[in-house]
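**Student:** Structure in structure tokens, see below.
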Amino acid sequence: KAGEALKKAVQLGPTSESAHGSLALWFENVKDFPAAEQEYRAALSLNRRDTWAQARLLRVQAMTAGH
């Protein structure tokens, strides 16, 4: 249900950097790394200076490369 709620938050607020970041973190926790990467990129497209999203994106990319 958490994933559904976060997807709804992104749907309702597509320009919300925090909604995209939260959904990305959820995707990361359920090991859907491609979807997490997509959402971190969406958050960064809204705020290029978001160091949290930048770091998480690098982490997801590293985890994907390790598989």
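Just remember, in the structure tokens the first chain shown is A, the second B, etc., residues are 1-based per chain, and ligands are 1-based in the order shown.
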Near segment 19-32 of chain A, counting only C-alpha atoms, which residues have an atom at most 9 Å away, once you skip same-chain residues fewer than 4 positions from it, shown as a list in words?

**Tutor:**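 Everything that qualifies: Ala2, Gly3, Leu6, Lys7, Ala9, Val10, Gly13, Pro14, Thr15, Ala36, Glu37, Gln38, Glu39, Tyr40, Arg41, Ala42, Ala43, Leu44, Trp52, Ala53, Arg56 and Val60 of chain A.
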
**Student:** Just list as a PyMOL selection string whatever in segment 5-57 of chain A DSSP marks as helix (DSSP H, G or I).

**Tutor:** chain A and resi 5-12+17-29+33-46+51-57

**Student:** Go ahead and save the residues from that selection, with N, CA and C atoms, as a compact mmCIF listing (two decimals), in the first residue's frame.

**Tutor:**
```txt
# COMPACT_ATOMS: atom_id res chain seq x y z
N ALA A 5 0.40 4.58 -2.46
CA ALA A 5 0.24 5.94 -1.94
C ALA A 5 1.31 6.87 -2.52
N LEU A 6 2.53 6.39 -2.62
CA LEU A 6 3.61 7.22 -3.16
C LEU A 6 3.42 7.48 -4.65
N LYS A 7 2.94 6.48 -5.38
CA LYS A 7 2.65 6.68 -6.80
C LYS A 7 1.55 7.71 -6.97
N LYS A 8 0.56 7.67 -6.10
CA LYS A 8 -0.54 8.64 -6.13
C LYS A 8 -0.01 10.04 -5.83
N ALA A 9 0.91 10.14 -4.88
CA ALA A 9 1.51 11.44 -4.54
C ALA A 9 2.22 12.04 -5.75
N VAL A 10 2.93 11.20 -6.50
CA VAL A 10 3.62 11.67 -7.71
C VAL A 10 2.59 12.08 -8.76
N GLN A 11 1.54 11.30 -8.86
CA GLN A 11 0.48 11.61 -9.82
C GLN A 11 -0.17 12.96 -9.49
N LEU A 12 -0.43 13.20 -8.22
CA LEU A 12 -1.07 14.44 -7.80
C LEU A 12 -0.12 15.63 -7.82
N GLU A 17 9.43 17.45 -6.08
CA GLU A 17 10.72 16.77 -5.97
C GLU A 17 10.70 15.74 -4.85
N SER A 18 10.08 16.09 -3.73
CA SER A 18 10.04 15.17 -2.59
C SER A 18 9.18 13.96 -2.87
N ALA A 19 8.11 14.11 -3.65
CA ALA A 19 7.27 12.96 -3.99
C ALA A 19 8.07 11.97 -4.84
N HIS A 20 8.80 12.49 -5.82
CA HIS A 20 9.63 11.62 -6.67
C HIS A 20 10.73 10.95 -5.85
N GLY A 21 11.35 11.71 -4.96
CA GLY A 21 12.41 11.16 -4.12
C GLY A 21 11.90 10.08 -3.19
N SER A 22 10.73 10.29 -2.62
CA SER A 22 10.15 9.29 -1.71
C SER A 22 9.77 8.02 -2.46
N LEU A 23 9.19 8.19 -3.64
CA LEU A 23 8.85 7.02 -4.45
C LEU A 23 10.12 6.28 -4.86
N ALA A 24 11.15 7.01 -5.22
CA ALA A 24 12.43 6.40 -5.58
C ALA A 24 12.98 5.56 -4.43
N LEU A 25 12.93 6.12 -3.24
CA LEU A 25 13.42 5.40 -2.07
C LEU A 25 12.61 4.12 -1.84
N TRP A 26 11.32 4.20 -2.03
CA TRP A 26 10.47 3.01 -1.88
C TRP A 26 10.86 1.95 -2.92
N PHE A 27 11.03 2.39 -4.18
CA PHE A 27 11.45 1.46 -5.23
C PHE A 27 12.79 0.82 -4.87
N GLU A 28 13.69 1.62 -4.34
CA GLU A 28 15.00 1.10 -3.93
C GLU A 28 14.83 0.03 -2.85
N ASN A 29 13.97 0.29 -1.89
CA ASN A 29 13.75 -0.66 -0.80
C ASN A 29 13.12 -1.97 -1.25
N PHE A 33 15.44 -1.37 -8.87
CA PHE A 33 16.45 -0.35 -9.09
C PHE A 33 16.24 0.49 -10.35
N PRO A 34 15.78 -0.10 -11.47
CA PRO A 34 15.52 0.75 -12.64
C PRO A 34 14.44 1.81 -12.36
N ALA A 35 13.39 1.43 -11.66
CA ALA A 35 12.33 2.40 -11.33
C ALA A 35 12.86 3.44 -10.35
N ALA A 36 13.68 3.02 -9.39
CA ALA A 36 14.27 3.96 -8.44
C ALA A 36 15.14 4.98 -9.18
N GLU A 37 15.94 4.49 -10.11
CA GLU A 37 16.80 5.40 -10.89
C GLU A 37 15.95 6.41 -11.65
N GLN A 38 14.89 5.96 -12.24
CA GLN A 38 13.99 6.84 -13.00
C GLN A 38 13.41 7.94 -12.10
N GLU A 39 13.00 7.57 -10.91
CA GLU A 39 12.40 8.55 -10.00
C GLU A 39 13.46 9.51 -9.42
N TYR A 40 14.66 9.01 -9.13
CA TYR A 40 15.72 9.91 -8.69
C TYR A 40 16.05 10.91 -9.79
N ARG A 41 16.07 10.44 -11.03
CA ARG A 41 16.33 11.34 -12.16
C ARG A 41 15.21 12.39 -12.27
N ALA A 42 13.97 11.96 -12.04
CA ALA A 42 12.85 12.91 -12.09
C ALA A 42 13.01 13.97 -11.01
N ALA A 43 13.40 13.55 -9.81
CA ALA A 43 13.63 14.51 -8.72
C ALA A 43 14.74 15.48 -9.09
N LEU A 44 15.80 14.96 -9.68
CA LEU A 44 16.92 15.82 -10.07
C LEU A 44 16.57 16.75 -11.22
N SER A 45 15.65 16.33 -12.07
CA SER A 45 15.23 17.23 -13.16
C SER A 45 14.49 18.44 -12.60
N LEU A 46 13.92 18.28 -11.42
CA LEU A 46 13.21 19.38 -10.77
C LEU A 46 14.14 20.24 -9.93
N THR A 51 21.41 17.24 -3.39
CA THR A 51 22.55 16.35 -3.15
C THR A 51 22.09 14.97 -2.65
N TRP A 52 20.95 14.92 -1.94
CA TRP A 52 20.43 13.63 -1.47
C TRP A 52 20.06 12.76 -2.67
N ALA A 53 19.31 13.32 -3.62
CA ALA A 53 18.91 12.55 -4.80
C ALA A 53 20.13 12.17 -5.64
N GLN A 54 21.11 13.07 -5.72
CA GLN A 54 22.33 12.77 -6.47
C GLN A 54 23.04 11.57 -5.86
N ALA A 55 23.19 11.58 -4.55
CA ALA A 55 23.88 10.49 -3.87
C ALA A 55 23.12 9.18 -4.00
N ARG A 56 21.80 9.23 -3.86
CA ARG A 56 20.98 8.01 -3.97
C ARG A 56 21.02 7.47 -5.40
N LEU A 57 21.01 8.35 -6.39
CA LEU A 57 21.10 7.92 -7.78
C LEU A 57 22.42 7.18 -8.02
```
